[in-house]
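Written out below as structure tokens is the structure these notes cover.
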Amino acid sequence: SVLSRYENQITILSDYLEEFPETDEPVWILGRQHHLNTDKSKLLLDISARLWFTYRRKFSPIGGTGPSSDAGWGCMLRCGQMMLAQALICRHLGRDWQWEKHKKQPEEYHRILRCFLDRKDCCYSIHQMAQMGVGEGKSIGEWFGPNTVAQVLKKLALFDEWNSLAVYVSMDNTVVIEDIKKMCWSPVQSSSVAHSSAHLHRSALGPNRNTAGLCPGWKPLLLIIPLRLGINHINPVYIDAFKECFKMPQSLGALGGKPNNAYYFIGFLGNELIYLDPHTTQSFVDSEENGTVDDESFHCQQAPHRMKIMNLDPSVALGFFCKEECDFDNWCSLVQKEILKQQSLRMFELVQKHPPHWPPFIPPSKPEVTTTGAELIESTDKLFELEEEFEILSV
């Protein structure tokens, strides 16, 4: 265990990251503005607070006989984890929460982190994402694109009762306000334990029943907008609108990168994008007996990478988080003002009503039986044991 931690830290510290230049231009990180000349330390603290997921090795084989490392193929899955983790931090800890090395963190933080550990029984693990991707036509070990990761997160979130997110992935570059409000205001049905593995798709946190989530109300929204911003290269007409998205207080950044190299973009400085890079291979880290996680390797503690925005692959996915309905209403206003103000070549459309030529919108719900994703039932006996446990706890 000590050697594993040592290996992780050596990997991080040996990865040279270019410092920020001296400039008067503001830096935007996930809806927050920073000035290098006056608060560079605050900027670096803000960046290091983001959960940083990278390639890992020496975890249990995916599917029992699959790969025990995602090096070389899991970068977009790791980026999807980072975007989702940022949404969960905003949901439970707030956008202004900061991480400091060796400082005690709230239980919600460790609970969030445990959702992403490389174990088959963690709800957003590399195991769950890779196996859920099979239903999206991706073999285990195959590289994902931004849209595929978005679809996988949308499916996995249905089994995550603790966080209780409504995940909306836009179609045809169009965000439909009516559909989002219908989904976020759908009452969550309290169901008894069914004879299926669906009820076991919970993070490895013990019983994750969120009693508040069983009442009708606005479900926190994770909004993902997959886009194609050009043919072979990003069209310069989209650049200003793309950068505006990082200024919005609801911003979760963007998934994208270069061909077969995925990055998690969290902001920009001038015409350079700022991103967290998952292409560092670290050893598997598990939770301690008390439920905490040795978390230093999950935070990038140096200045992040930057790349010229014109080098961005045109296939991207924007992410936004709206904890309350007023956050979504505010986002819609900002989009109308900042994104749709130009009539030519809009980056995406925001419409009030569901397009009549589309199939009817039905809010996604957890299936009674699932055959995709990581199967968490070891045997029929295990299922009955869990049913008895849930029945006792529900009395």
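Identifiers in the structure tokens: chain A, B, ... in order shown; residue index from 1 per chain; ligand index from 1 in order shown.
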
* **Residues of region 127-340 of chain A in strand (DSSP E), written as number ranges by chain** => A: 166-169, 174-176, 221-228, 251-258, 261-269, 272-276, 282-283, 305-308, 315-322

Just-selected residues, C-alpha atoms written as an mmCIF file, in the first residue's frame:
data_model
loop_
_atom_site.group_PDB
_atom_site.id
_atom_site.type_symbol
_atom_site.label_atom_id
_atom_site.label_comp_id
_atom_site.auth_asym_id
_atom_site.auth_seq_id
_atom_site.Cartn_x
_atom_site.Cartn_y
_atom_site.Cartn_z
ATOM 1 C CA ALA A 166 -31.693 13.928 -14.023
ATOM 2 C CA VAL A 167 -29.323 13.500 -16.970
ATOM 3 C CA TYR A 168 -30.427 15.077 -20.247
ATOM 4 C CA VAL A 169 -28.369 14.464 -23.377
ATOM 5 C CA THR A 174 -31.217 20.970 -29.821
ATOM 6 C CA VAL A 175 -32.055 21.517 -26.140
ATOM 7 C CA VAL A 176 -35.797 21.310 -25.424
ATOM 8 C CA LEU A 221 -29.979 18.494 -13.746
ATOM 9 C CA LEU A 222 -26.860 17.296 -15.532
ATOM 10 C CA LEU A 223 -27.196 18.697 -19.049
ATOM 11 C CA ILE A 224 -24.828 17.345 -21.720
ATOM 12 C CA ILE A 225 -24.823 18.768 -25.247
ATOM 13 C CA PRO A 226 -22.840 16.704 -27.792
ATOM 14 C CA LEU A 227 -21.791 18.873 -30.719
ATOM 15 C CA ARG A 228 -19.916 18.742 -33.992
ATOM 16 C CA SER A 251 -20.535 25.275 -16.490
ATOM 17 C CA LEU A 252 -19.120 21.771 -16.110
ATOM 18 C CA GLY A 253 -16.640 22.341 -18.913
ATOM 19 C CA ALA A 254 -16.399 20.179 -22.026
ATOM 20 C CA LEU A 255 -15.339 16.731 -23.166
ATOM 21 C CA GLY A 256 -13.177 16.622 -26.259
ATOM 22 C CA GLY A 257 -9.563 16.693 -27.336
ATOM 23 C CA LYS A 258 -7.676 15.458 -30.353
ATOM 24 C CA ASN A 261 -6.794 11.660 -27.132
ATOM 25 C CA ALA A 262 -9.510 12.877 -24.785
ATOM 26 C CA TYR A 263 -9.185 15.810 -22.385
ATOM 27 C CA TYR A 264 -11.478 17.412 -19.821
ATOM 28 C CA PHE A 265 -11.620 21.119 -20.651
ATOM 29 C CA ILE A 266 -12.329 23.301 -17.630
ATOM 30 C CA GLY A 267 -11.679 26.832 -18.877
ATOM 31 C CA PHE A 268 -9.689 29.124 -21.101
ATOM 32 C CA LEU A 269 -7.110 31.908 -21.207
ATOM 33 C CA GLU A 272 -5.982 28.680 -25.246
ATOM 34 C CA LEU A 273 -8.139 26.037 -23.590
ATOM 35 C CA ILE A 274 -7.229 24.785 -20.117
ATOM 36 C CA TYR A 275 -7.684 21.086 -19.494
ATOM 37 C CA LEU A 276 -7.062 18.200 -17.148
ATOM 38 C CA GLN A 282 -1.423 5.471 -11.675
ATOM 39 C CA SER A 283 -1.969 2.443 -9.478
ATOM 40 C CA HIS A 305 -2.140 21.770 -19.604
ATOM 41 C CA ARG A 306 -3.192 24.274 -22.240
ATOM 42 C CA MET A 307 -3.800 23.972 -25.969
ATOM 43 C CA LYS A 308 -4.745 26.354 -28.755
ATOM 44 C CA SER A 315 -16.421 16.558 -31.788
ATOM 45 C CA VAL A 316 -17.120 17.833 -28.253
ATOM 46 C CA ALA A 317 -19.719 17.635 -25.497
ATOM 47 C CA LEU A 318 -20.601 20.610 -23.298
ATOM 48 C CA GLY A 319 -21.689 20.023 -19.706
ATOM 49 C CA PHE A 320 -23.835 22.111 -17.362
ATOM 50 C CA PHE A 321 -25.267 21.557 -13.877
ATOM 51 C CA CYS A 322 -28.478 23.153 -12.595
#

Q. Counting only C-alpha atoms, what is within 10 Å of Phe298 (chain A), bar same-chain residues fewer than 6 positions away, as a VMD selection string?
A. chain A and resid 8 48 to 54 113 282 285

Hey, what's within 8 Å of region 134-150 of chain A if we count only C-alpha atoms and toss same-chain stuff fewer than 2 positions away? As a VMD selection string, please?
-> chain A and resid 66 to 67 70 73 to 77 80 129 to 132 152 to 154 169 224 226 255 to 256 260 315 to 317 372 to 373

Next on the checklist: Could you go through region 16-199 of chain A and tell me which residues DSSP, when run on the backbone, assigns to helix (DSSP H, G or I), listing them as an MDAnalysis selection string?
Outcome noted: chainID A and resid 36:48 62:64 75:92 107:114 126:136 146:157 177:184 197:199

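Each of A:His127, A:His92, A:Lys104, A:Lys247 was checked against Ser69 (chain A) using only C-alpha atoms; the smallest atom-to-atom distance is that of A:His127.
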
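Straight-line separation from CA of Cys184 (chain A) to CA of Leu156 (chain A): 16.6 Å.
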
### Message
Could you check the closest approach to Lys323 (chain A) for each of A:Trp218, A:Phe284, A:Tyr238, A:Trp97 and tell me which residue wins, using only C-alpha atoms?
### Response
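Between A:Trp218, A:Phe284, A:Tyr238, A:Trp97, the residue approaching Lys323 (chain A) most closely is A:Trp218.
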